[in-house]
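A.B. asks: Handing you this structure, nothing more for now.
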Protein chains: 2
Amino acid sequence: MTAHDAVPLSVVDSWWRAANYLSVGQIYLLDNPLLKRPLKVDDIKPRLLGHWGTTPALNFIYAHLNKLIVERSSNVIYIAGPGHGGPGVVANAWLDGTYSELFPQVSQNGEGMRRLFRQFSFPGGIPSHAAPETPGSINEGGELGYSLVHAYGAALDNPDLITACVIGDGEAETATLATSWHLNKFLSPMTDGAVLPILNLNGYKIANPTVLARIPEHELESLFIGYGYSPRIVAGGFDDEDPMAVHQRFADTMAQAFDDIATIQRQARSGGETARAAWPMVILKTPKGWTGPKFVDGLPVENTWRAHQVPLAGVRDNPEHLAQLQEWLMSYRPGELFDAHGKPVVELAPARPAGDLRMSANPHANGGLLRKALTLPALDAVAVDITPGDGPSGPGTGAEGRGAVAEPTRVLGAWLRDLIRLNPESFRIFGPDEVASNRLDDVYEVTAKEWQAEVLETDENLSHDGRVIEILSENLAQGLLEGYLLTGRHGLFTSYEAFIHVVDSMFNQYAKWLESSAKVEWRRPISSFTYLLSSHVWRQDHNGFSHQDPGFLDHVVNKQSSVVRVYLPPDANTLLVTAEHCLASRDYVNVIVAGKQPTASLLSLEEARTHGARGVSVWEWAGTERVGEEPDVVVAAAGDVPTVEAMAAVQILKKEIPALAVRFVNVVDLMRLQEQTEHPHGLDAASFDAVFTTDKPVVFAFHGYPSLIHRLTYRRTNHANIHVRGFKEMGTTTTPFDMLMLNDLDRFRLVMDVIRRVPRLSTAYAGLSQKMDDARAAHRAYTRAHGEDAPDVTGSAGLVFASDEDVEEAGDTGDDNARGGRGEFG
Amino acid sequence: MTAHDAVPLSVVDSWWRAANYLSVGQIYLLDNPLLKRPLKVDDIKPRLLGHWGTTPALNFIYAHLNKLIVERSSNVIYIAGPGHGGPGVVANAWLDGTYSELFPQVSQNGEGMRRLFRQFSFPGGIPSHAAPETPGSINEGGELGYSLVHAYGAALDNPDLITACVIGDGEAETATLATSWHLNKFLSPMTDGAVLPILNLNGYKIANPTVLARIPEHELESLFIGYGYSPRIVAGGFDDEDPMAVHQRFADTMAQAFDDIATIQRQARSGGETARAAWPMVILKTPKGWTGPKFVDGLPVENTWRAHQVPLAGVRDNPEHLAQLQEWLMSYRPGELFDAHGKPVVELAPARPAGDLRMSANPHANGGLLRKALTLPALDAVAVDITPGDGPSGPGTGAEGRGAVAEPTRVLGAWLRDLIRLNPESFRIFGPDEVASNRLDDVYEVTAKEWQAEVLETDENLSHDGRVIEILSENLAQGLLEGYLLTGRHGLFTSYEAFIHVVDSMFNQYAKWLESSAKVEWRRPISSFTYLLSSHVWRQDHNGFSHQDPGFLDHVVNKQSSVVRVYLPPDANTLLVTAEHCLASRDYVNVIVAGKQPTASLLSLEEARTHGARGVSVWEWAGTERVGEEPDVVVAAAGDVPTVEAMAAVQILKKEIPALAVRFVNVVDLMRLQEQTEHPHGLDAASFDAVFTTDKPVVFAFHGYPSLIHRLTYRRTNHANIHVRGFKEMGTTTTPFDMLMLNDLDRFRLVMDVIRRVPRLSTAYAGLSQKMDDARAAHRAYTRAHGEDAPDVTGSAGLVFASDEDVEEAGDTGDDNARGGRGEFG
């Protein structure tokens with residue numbers, strides 16, 4: 001199996017004791033790290049913050065994985081699921097030398113150990129969880145539930161990698177974790193790596209026993225057999241059992257698990273075996289706070305929920321506690337583990353993997369080190385052909401001329417197909433059963449959906465090595481892509497817009513990861529996380545109110561502006577340039593909202609590139625302003641459906657009030673609206689004012705909740721004149737135009753808004769306003785009677801275009817930088 | 001077992017066929033409901049919106065439950081988990097007569113059937129899912145995953161109820177559903193009802209097979225044994241199997257399941273059995289789209305993903321499709337099911353339960369019918385004693401006088417204890433392992449945590465009938481409370497503030513449920529859903545960045561103002577009156593954010609009542625303005641920590657700039673800030689201006705993201721002068737005061753803000769501003785050196801109070817309505 005010598009269990013035990021010592025030290029000690037003198041009150045941190053309970057088992061497993069890595073040269077990363085496992089993982093990284101390499105001031109000696117202890121959960125120091133600051137981690141231990149899905153995401157397309165994932169029995173109760181076990185149906189033994197889940201049942205959460213620790217063993221085993229694994233249970237450390245006996249049983253079990261993984265992979269890769277494998281998983285039952293104080297103040301601590309946090313809370317005030325802490329630390333026999341200078345003794349070396357095989361140094365856990373830029377296919381091959389003036393423009397003109405009808409996400413799907421063809425091993429699409437529904441199914445020309453479970457004759461597009469993974473859980477799609485990106489690859493998550501809120505909290509945690517990572521010097525940039533939200537609020541014709549929610553954008557912009565980007569491409573070509581930009585970017589979260597329904601294509605690819613680069617553009621061809629004159633009113637739009645409505649409103653105005661000078665503005669990069677000081681994409685004041693004027697009424701048709709536009713623009717000169725229409729939480733199962741009317745975002749209402757906002761129109765055109773209101777009533781009546789929208793507002797026929805001359809002018813809008821933003825896409 | 005006659009399976013089959021006929025009719029037909037003439041194109045809806053695939057099994061199960069209810073007089077509600085199951089549930093409600101009772105225009109005749117068909121997924125009609133509009137439903141079928149947790153919530157404290165819960169195999173992949181199975185560890189066979197999960201494996205989601213349908217049967221069985229159930233599998237309807245054979249097998253299985261439930265409950269209730277029961281669950285495998293078209297255009301449909309939505313999509317254009325639809329409808333032999341007038345034939349009557357036993361009429365599914373108001377204990381017994389002027393006030397004055405230190409949530413816990421004592425069968429607390437951490441543990445004096453799994457000697461506060469349910473899943477806590485409230489009871493969900501985002505989407509769906517329910521005349525008001533968010537952003541001393549997120553408030557206010565309420569009580573007594581108000585309210589979602597850390601008590605119970613009723617108050621005793629004069633500046637605060645900081649800032653100003661007139665404002669009811677036209681709690685313009693002035697600078701210290709205050713106040717006269725400090729996404733593991741400094745919300749920064757905002761101060765007091773900045777630097781240095789906050793800013797000692805005179809004045813602030821809002825709590 002290996003040419004390396006076996007690592008003696010005595011060394012594994014020493015490593016474990018050393019890691020435990022270092023963990024306790026981090027929780028308690030400010031000074032006197034090597035206990036060269038008896039502990040004094042001043043050696044103790046003033047605020048005892050940390051979690052001991054989960055730590056000894058984390059260290060135990062870490063030590064055993066080290067043994068296997070040394071013996072087999074296995075390529076393993078370690079995912080610490082249990083909350084607050086920070087001290088353990090950090091202790092191991094210090095013991096194997098990585099920590100001091102990355103943070104030289106925390107050196108492998110007494111002074112380094114002092115700093116190691118002091119910095120933990122200390123102002124200016126490091127968090128109590130595994131975190132971006134933790135070498136070897138791709139999982140934050142703060143919000144529980146995501147360890148296993150991260151492990152699976154990391155293992156994809158890494159055939160030689162084993163992701164060892166420790167799952168706490170508290171974490172195992174979370175929703176995401178409970179469904180993550182099923183991911184073994186999506187892991188290819190041929191082309192992916194292995195995930196080795198190690199469920200640590202220490203029995204307790206903060207203040208309660210855990211479910212999985214309190215069900216009979218036959219249920220526990222059944223559960224994991226039912227999830228499709230081959231479970232092995234090791235229980236140990238109870239009733240003062242000699243740890244060496246537990247080491248032996250656990251070492252045997254882990255060796256068997258590694259053997260089983262190798263066998264499964266060999267059988268699959270030699271082409272013999274195609275049936276789904278029952279991958280090994282290990283259940284390790286140990287006392288919570290194992291090796292810590294058994295009793296404190298007469299109450300049992302080890303193996304109870306009292307071991308969860310800081311078992312000796314009164315160390316600074318209670319001499320007995322202080323003495324007990326000293327005793328506890330000495331029980332690890334630090335004199336055998338560290339030399340007089342505080343350096344780990346040479347006897348530990350056999351349990352220390354070499355170089356990048358150290359789990360804390362494994363480059364897969366710092367994915368930017370391994371990331372290779374995507375090869376991006378040309379957009380031209382799939383872009384919608386828009387040849388301004390080259391054919392009759394206007395409604396129903398077919399493929400030629402502005403207004404060619406396309407389904408934006410379907411056009412994107414064709415490009416993604418080409419992208420997958422060029423990047424067959426480093427790009428994946430994740431979705432909750434909505435990739436085809438979101439009309440990206442052209443990708444199935446070159447790939448399929450990963451599926452290791454049973455396949456029937458009637459199935460389509462399933463295979464053992466598909467680049468698309470679909471399972472009906474936004475949480476899993478999110479977590480898989482996180483794990484995939486964090487290990488240096490690329491991907492896209494596509495979901496219905498409303499249900500992306502299911503992962504609001506996962507987004508939060510991931511954005512915070514990126515925010516924190518940016519401050520960690522040795523973390524290398526990774527590919528951005530890109531959401532493609534389709535099936536959006538305005539086109540839920542048959543799904544109704546539960547499917548109508550554009551609030552994810554509001555949620556996203558709460559995170560640091562260094563990390564979040566929001567795009568609302570109005571048509572197919574703009575979606576293409578947006579996606580191209582996002583997939584090439586690094587260290588962001590990009591949110592793209594785009595429609596899947598047939599809609600008018602408005603910009604040629606070249607125009608779309610210019611528009612994307614600006615983020616905000618004046619579309620002269622869609623407005624009625626005269627060059628060199630200030631407009632009377634600005635009509636702005638962000639989002640595909642609002643853009644069509646706003647354009648239609650301008651056409652009505654053009655016909656009914658020919659003298660009115662309307663500027664038409666489209667916003668694709670939403671963060672352009674914010675001030676330059678608030679967001680890196682923000683327009684400077686002069687550019688913003690040049691587009692939106694300083695004093696003219698602005699009627700803004702927005703895809704989402706109107707308050708977001710106010711939030712982004714409230715410091716702008718002209719803010720008081722910005723009047724926003726958007727989703728105001730009115731929804732039901734109805735036609736697209738009826739939805740717009742319900743929320744006052746329809747073209748007729750926008751015309752009424754313009755009349756009301758432009759002083760000289762409000763009385764002169766009261767009649768027109770009434771006419772618009774009548775049109776609304778007539779459309780509502782038509783819809784109720786016929787069950788569909790009236791013909792004059794449906795599809796592209798509803799978009800009445802500007803004259804040919806206007807369209808020709810559009811070719812000239814490319815370079816006026818005073819009107820747009822700084823180059824971003826270029 | 002029962003005195004009733006057995007319902008013949010032939011009648012069950014007729015019922016099933018009738019429900020299927022009515023379901024297909026809803027999806028397709030505008031007219032000609034009884035097929036009295038051959039179908040024409042004009043009989044067909046212009047937009048075919050609906051989902052056939054899941055419907056036949058929903059109808060099948062419904063019919064069999066009817067049989068059991070009739071035979072046993074069982075009290076059963078029906079939860080339809082599968083998405084888009086609307087037509088089936090509505091069809092059954094029409095068949096049993098409930099629908100026509102609730103919606104008389106949809107009568108049980110041909111015209112009523114025509115309306116029934118037409119309204120489905122039609123503008124002005126009803127949604128395609130089970131929804132608030134659906135009689136008998138407490139579950140919306142739009143966002144999948146919540147059926148089973150709703151079922152468990154409904155069963156709690158309803159010992160005679162069986163909640164039959166149909167779970168789709170798509171839904172079963174969601175995170176929440178996957179962990180919901182474990183709820184059997186929290187259901188008491190003694191005092192709760194039963195949940196009968198029926199997992200319908202029809203094999204497909206929108207475009208994919210499902211995981212659970214494609215694993216071997218032994219894994220499937222193992223999985224549910226592992227979850228602690230006694231699973232029974234019935235497969236049928238494949239390969240043209242005669243439905244009567246499937247009826248027989250399913251009827252036997254369901255009868256056995258009902259028998260098993262009765263046995264489990266009898267054994268527990270007779271006191272014999274205390275071990276956790278292995279409740280029955282049923283797995284029903286049927287073809288997707290069973291009884292629908294087998295092939296369309298040469299492609300297989302029944303039993304494939306093609307049956308998911310509308311299997312014959314071309315009915316209006318393709319005569320073959322139209323003919324096939326006619327044939328399909330006729331296959332149910334409608335002539336045997338409906339009389340010439342369209343009324344269900346009398347032969348169906350034996351399968352129709354009587355009155356309230358009809359699942360669509362069961363009052364448990366319209367919980368407001370059963371709801372009894374809570375008996376609220378007196379607040380006085382637990383309130384913090386504040387006797388203004390009655391003792392020395394100022395720092396460290398102990399229990400007497402303003403400033404008595406209390407942990408607000410602990411004080412609330414004492415009241416909740418009394419509440420539980422008075423309402424032992426209708427109030428529950430749900431939490432993700434944080435009830436004690438959030439310091440509500442006084443409730444354990446009168447109750448315990450529900451726990452049916454193994455109990456050890458060292459365990460505390462676990463019992464078989466506890467009023468507290470804790471499992472480490474926000475999703476489950478949320479869903480259980482939803483189910484509990486929807487069936488007419490009361491409760492509280494307490495969670496850490498940051499992680500409440502885990503249920504953002506569940507909140508969305510629940511708020512939408514309430515919004516829609518309000519429009520359904522026959523739905524009776526239910527108790528409000530109340531969140532108590534503690535362990536909030538400002539006091540995550542040892543948890544760090546992942547635990548720091550106050551954004552749930554932003555998320556909540558996107559929903560309709562008729563439904564959402566947000567409270568930020570600044571101290572213990574205000575928390576008490578807020579909680580009392582919220583728990584007595586109906587049909588809202590209340591969000592209370594309150595601290596658990598020791599903090600100064602600021603208001604007497606009486607003052608807190610007045611403050612709560614106003615929502616926004618001027619605290620003269622905390623400011624320095626002179627009666628009858630306009631202040632120079634307004635310092636406002638919302639949230640407990642910001643209130644202390646803002647008060648401390650005013651005290652510095654009082655000392656350093658004695659002539660400055662500072663008005664101090666506290667906001668407890670956040671929605672008071674919004675305009676009256678936007679939110680029912682909104683202050684009218686005059687009241688708002690009376691508090692915040694029309695032209696003075698306002699420095700606002702806010703608990704959450706500052707943009708929320710701008711969002712709520714942007715239309716207010718004085719908005720341009722409102723300067724908000726709050727959380728700006730800067731976080732880490734550090735001391736409380738360092739967190740405030742990181743986000744510029746500390747007292748020193750607030751003083752600097754006042755100096756900068758009040759024109760006459762900005763140059764005159766540049767020195768003071770510098771002094772404040774120096775204080776910040778000094779505190780930062782102290783914290784880094786000592787690991788804790790400097791003594792002058794910690795705990796209550798950090799809150800320097802106004803003079804005795806000022807305190808005495810506070811007693812007079814009670815009635816000035818011009819300064820506050822309308823009575824709300826009173």
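Scheme for the structure tokens: letters A, B, ... for chains in order shown; per-chain residue numbers from 1; ligand numbers from 1 in order shown.
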Skip region 167-174 of chain A itself and residues of its chain fewer than 5 positions away, then list as a CSV table (one decimal) with all heavy atoms, in the first residue's frame all residues within 6 Å of it, counting only C-alpha atoms.
C.D. replies:
chain,number,residue,atom,x,y,z
A,81,GLY,N,-16.4,20.9,10.8
A,81,GLY,CA,-17.7,21.4,10.9
A,81,GLY,C,-18.2,21.9,12.3
A,81,GLY,O,-18.8,22.9,12.3
A,82,PRO,N,-17.8,21.3,13.4
A,82,PRO,CA,-18.3,21.7,14.7
A,82,PRO,C,-18.0,23.1,15.0
A,82,PRO,O,-16.9,23.7,14.7
A,82,PRO,CB,-17.6,20.8,15.6
A,82,PRO,CG,-17.2,19.6,14.9
A,82,PRO,CD,-16.9,20.1,13.5
A,144,LEU,N,-23.6,27.0,11.5
A,144,LEU,CA,-23.4,25.6,11.4
A,144,LEU,C,-24.2,25.0,10.2
A,144,LEU,O,-25.3,25.5,9.8
A,144,LEU,CB,-23.8,24.8,12.6
A,144,LEU,CG,-23.1,25.2,13.9
A,144,LEU,CD1,-23.6,24.4,15.1
A,144,LEU,CD2,-21.6,25.0,13.7
A,145,GLY,N,-23.7,24.0,9.6
A,145,GLY,CA,-24.5,23.2,8.6
A,145,GLY,C,-23.9,23.0,7.3
A,145,GLY,O,-24.5,22.3,6.4
A,199,LEU,N,-18.6,11.7,11.5
A,199,LEU,CA,-19.6,12.3,12.4
A,199,LEU,C,-19.1,12.1,13.8
A,199,LEU,O,-19.0,11.0,14.3
A,199,LEU,CB,-21.0,11.6,12.2
A,199,LEU,CG,-22.1,12.0,13.1
A,199,LEU,CD1,-22.5,13.4,12.8
A,199,LEU,CD2,-23.3,11.1,12.8
A,200,ASN,N,-18.9,13.2,14.5
A,200,ASN,CA,-18.4,13.1,15.9
A,200,ASN,C,-19.6,13.3,16.8
A,200,ASN,O,-20.1,14.4,17.0
A,200,ASN,CB,-17.3,14.2,16.2
A,200,ASN,CG,-16.9,14.1,17.6
A,200,ASN,OD1,-16.7,15.2,18.3
A,200,ASN,ND2,-16.7,12.9,18.2
A,201,LEU,N,-20.0,12.2,17.4
A,201,LEU,CA,-21.1,12.3,18.4
A,201,LEU,C,-20.5,12.5,19.8
A,201,LEU,O,-20.0,11.6,20.4
A,201,LEU,CB,-21.9,11.0,18.4
A,201,LEU,CG,-22.6,10.7,17.1
A,201,LEU,CD1,-23.5,9.4,17.3
A,201,LEU,CD2,-23.5,11.8,16.6
A,205,LYS,N,-25.1,19.8,22.5
A,205,LYS,CA,-25.1,21.1,21.8
A,205,LYS,C,-24.7,22.1,22.9
A,205,LYS,O,-24.0,21.8,23.9
A,205,LYS,CB,-26.4,21.4,21.1
A,205,LYS,CG,-26.8,20.3,20.2
A,205,LYS,CD,-28.1,20.6,19.5
A,205,LYS,CE,-29.3,20.6,20.4
A,205,LYS,NZ,-30.3,19.5,20.0
B,472,LEU,N,-31.4,22.0,16.8
B,472,LEU,CA,-30.5,23.0,16.2
B,472,LEU,C,-30.8,23.2,14.7
B,472,LEU,O,-30.0,22.9,13.8
B,472,LEU,CB,-29.0,22.5,16.4
B,472,LEU,CG,-28.0,23.7,16.5
B,472,LEU,CD1,-26.7,23.2,17.0
B,472,LEU,CD2,-27.8,24.4,15.2
B,473,SER,N,-32.0,23.8,14.5
B,473,SER,CA,-32.4,24.1,13.1
B,473,SER,C,-33.4,25.3,13.2
B,473,SER,O,-34.5,25.1,13.7
B,473,SER,CB,-33.0,22.9,12.4
B,473,SER,OG,-33.7,23.3,11.3
A.B. asks: Please, which residues of chain B lie no more than 6 Å from chain A when the count uses only C-alpha atoms, and can they be set out as number ranges by chain?
C.D. replies: B: 49, 121-123, 127, 142, 173-176, 178-179, 214, 219-220, 222-223, 226, 453-454, 472-473, 501-502, 505, 542, 546, 733-734, 784, 787
A.B. asks: Atoms to include: C-alpha atoms. Write the selected residues as a PDB file, in the first residue's frame.
C.D. replies:
ATOM      1  CA  LEU B  49     -51.069  26.827 -16.401  1.00  0.00           C
ATOM      2  CA  SER B 121     -54.684  30.005 -12.339  1.00  0.00           C
ATOM      3  CA  PHE B 122     -56.800  32.653 -14.025  1.00  0.00           C
ATOM      4  CA  PRO B 123     -56.576  36.431 -13.528  1.00  0.00           C
ATOM      5  CA  PRO B 127     -53.364  30.093  -7.296  1.00  0.00           C
ATOM      6  CA  GLY B 142     -45.170  27.239  -3.684  1.00  0.00           C
ATOM      7  CA  GLU B 173     -34.717  16.749  -1.256  1.00  0.00           C
ATOM      8  CA  THR B 174     -34.979  20.163   0.377  1.00  0.00           C
ATOM      9  CA  ALA B 175     -32.938  20.912   3.432  1.00  0.00           C
ATOM     10  CA  THR B 176     -35.832  21.626   5.770  1.00  0.00           C
ATOM     11  CA  ALA B 178     -34.670  16.335   5.233  1.00  0.00           C
ATOM     12  CA  THR B 179     -34.241  17.337   8.858  1.00  0.00           C
ATOM     13  CA  ARG B 214     -33.768   6.056  -7.505  1.00  0.00           C
ATOM     14  CA  GLU B 219     -31.827   1.915   1.365  1.00  0.00           C
ATOM     15  CA  LEU B 220     -35.164   3.659   1.297  1.00  0.00           C
ATOM     16  CA  SER B 222     -33.270   1.839   6.086  1.00  0.00           C
ATOM     17  CA  LEU B 223     -33.417   5.579   5.795  1.00  0.00           C
ATOM     18  CA  GLY B 226     -33.011   5.321  10.771  1.00  0.00           C
ATOM     19  CA  ALA B 453     -35.292  10.336  22.842  1.00  0.00           C
ATOM     20  CA  GLU B 454     -32.999   8.774  25.398  1.00  0.00           C
ATOM     21  CA  LEU B 472     -30.465  22.951  16.197  1.00  0.00           C
ATOM     22  CA  SER B 473     -32.364  24.128  13.146  1.00  0.00           C
ATOM     23  CA  HIS B 501     -31.459  34.801   8.150  1.00  0.00           C
ATOM     24  CA  VAL B 502     -31.507  31.026   7.834  1.00  0.00           C
ATOM     25  CA  SER B 505     -37.364  32.620   2.927  1.00  0.00           C
ATOM     26  CA  HIS B 542     -16.594  35.618  21.550  1.00  0.00           C
ATOM     27  CA  SER B 546     -20.168  35.317  11.407  1.00  0.00           C
ATOM     28  CA  THR B 733     -14.080  38.792  17.792  1.00  0.00           C
ATOM     29  CA  THR B 734     -13.500  41.716  20.086  1.00  0.00           C
ATOM     30  CA  ARG B 784      -5.480  45.624  22.504  1.00  0.00           C
ATOM     31  CA  GLY B 787      -8.147  42.231  26.100  1.00  0.00           C
TER      32      GLY B 787
END
A.B. asks: I need the residue nearest Ile283 (chain B) from this list: B:Ile61, B:Val76, B:Ala594, B:Ala477. Use only C-alpha atoms for the distance.
C.D. replies: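 Closest candidate: B:Ile61.
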A.B. asks: Can you list every residue in region 201-283 of chain A that DSSP puts in alpha helix (DSSP H), as a PyMOL selection string?
C.D. replies: chain A and resi 217-226+243-269
A.B. asks: Let's see if you can do this: from backbone DSSP, list all strand (DSSP E or B) residues in region 609-769 of chain B, as a list in words.
C.D. replies: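 So, restricting region 609-769 of chain B to strand (DSSP E or B), we get Val616, Ser617, Val618, Val633, Val634, Val635, Ala636, Ala637, Ala638, Val662, Arg663, Phe664, Val665, Asn666, Val667, Asp669, Glu675, Leu683, Val698, Val699, Phe700, Ala701, Phe702, Ile722, His723, Val724 and Arg725 of chain B.
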A.B. asks: Which polymer residues have any atom within 9 Å of an atom of Ile429 (chain B), counting only C-alpha atoms, with same-chain residues fewer than 5 positions away left out, as a list in words?
C.D. replies: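 That gives Val435, Arg467, Val468, Ile469, Glu470, Ala477, Leu481, His490, Gly491, Leu492, Phe493 and Thr494 of chain B.
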A.B. asks: Can you tell me which residues surround region 380-385 of chain B at a distance of at most 10 Å, considering only C-alpha atoms, apart from same-chain residues fewer than 5 positions away, and format the answer as a PyMOL selection string?
C.D. replies: chain B and resi 399-408+410-416+418+571-577+601-606
A.B. asks: Quick one: everything within 12 Å of Leu35 (chain B), counting only C-alpha atoms, minus sequence neighbours fewer than 2 positions away in the same chain. Send it as a PyMOL selection string.
C.D. replies: chain B and resi 21-22+25+29-33+37-40+43-44+110+113-114+325-330+332-335+338+340-342
A.B. asks: Could you check how far CA of Val563 (chain A) sits from CA of Val589 (chain A), in Å to one decimal?
C.D. replies: 6.0 Å
A.B. asks: Quick one: distance from CA of Pro353 (chain A) to CA of Thr291 (chain A) in Å, one decimal?
C.D. replies: 25.2 Å
A.B. asks: Show me, as a ChimeraX atom specification, the residues that have an atom within 12 Å of Val12 (chain A) when counting only C-alpha atoms, minus same-chain residues fewer than 2 positions from it.
C.D. replies: /A:6-10,14-19,59-68,70,243-244,246-248,250-251,337,347-352
A.B. asks: In Å, with one decimal, what is the gap from CA of Asp157 (chain A) to CA of Val566 (chain A)?
C.D. replies: 29.1 Å
A.B. asks: Using only C-alpha atoms, can you tell me which of B:Ile657, B:Ala686, B:Leu156, B:Cys165 comes closest to Ala764 (chain B)?
C.D. replies: B:Ile657
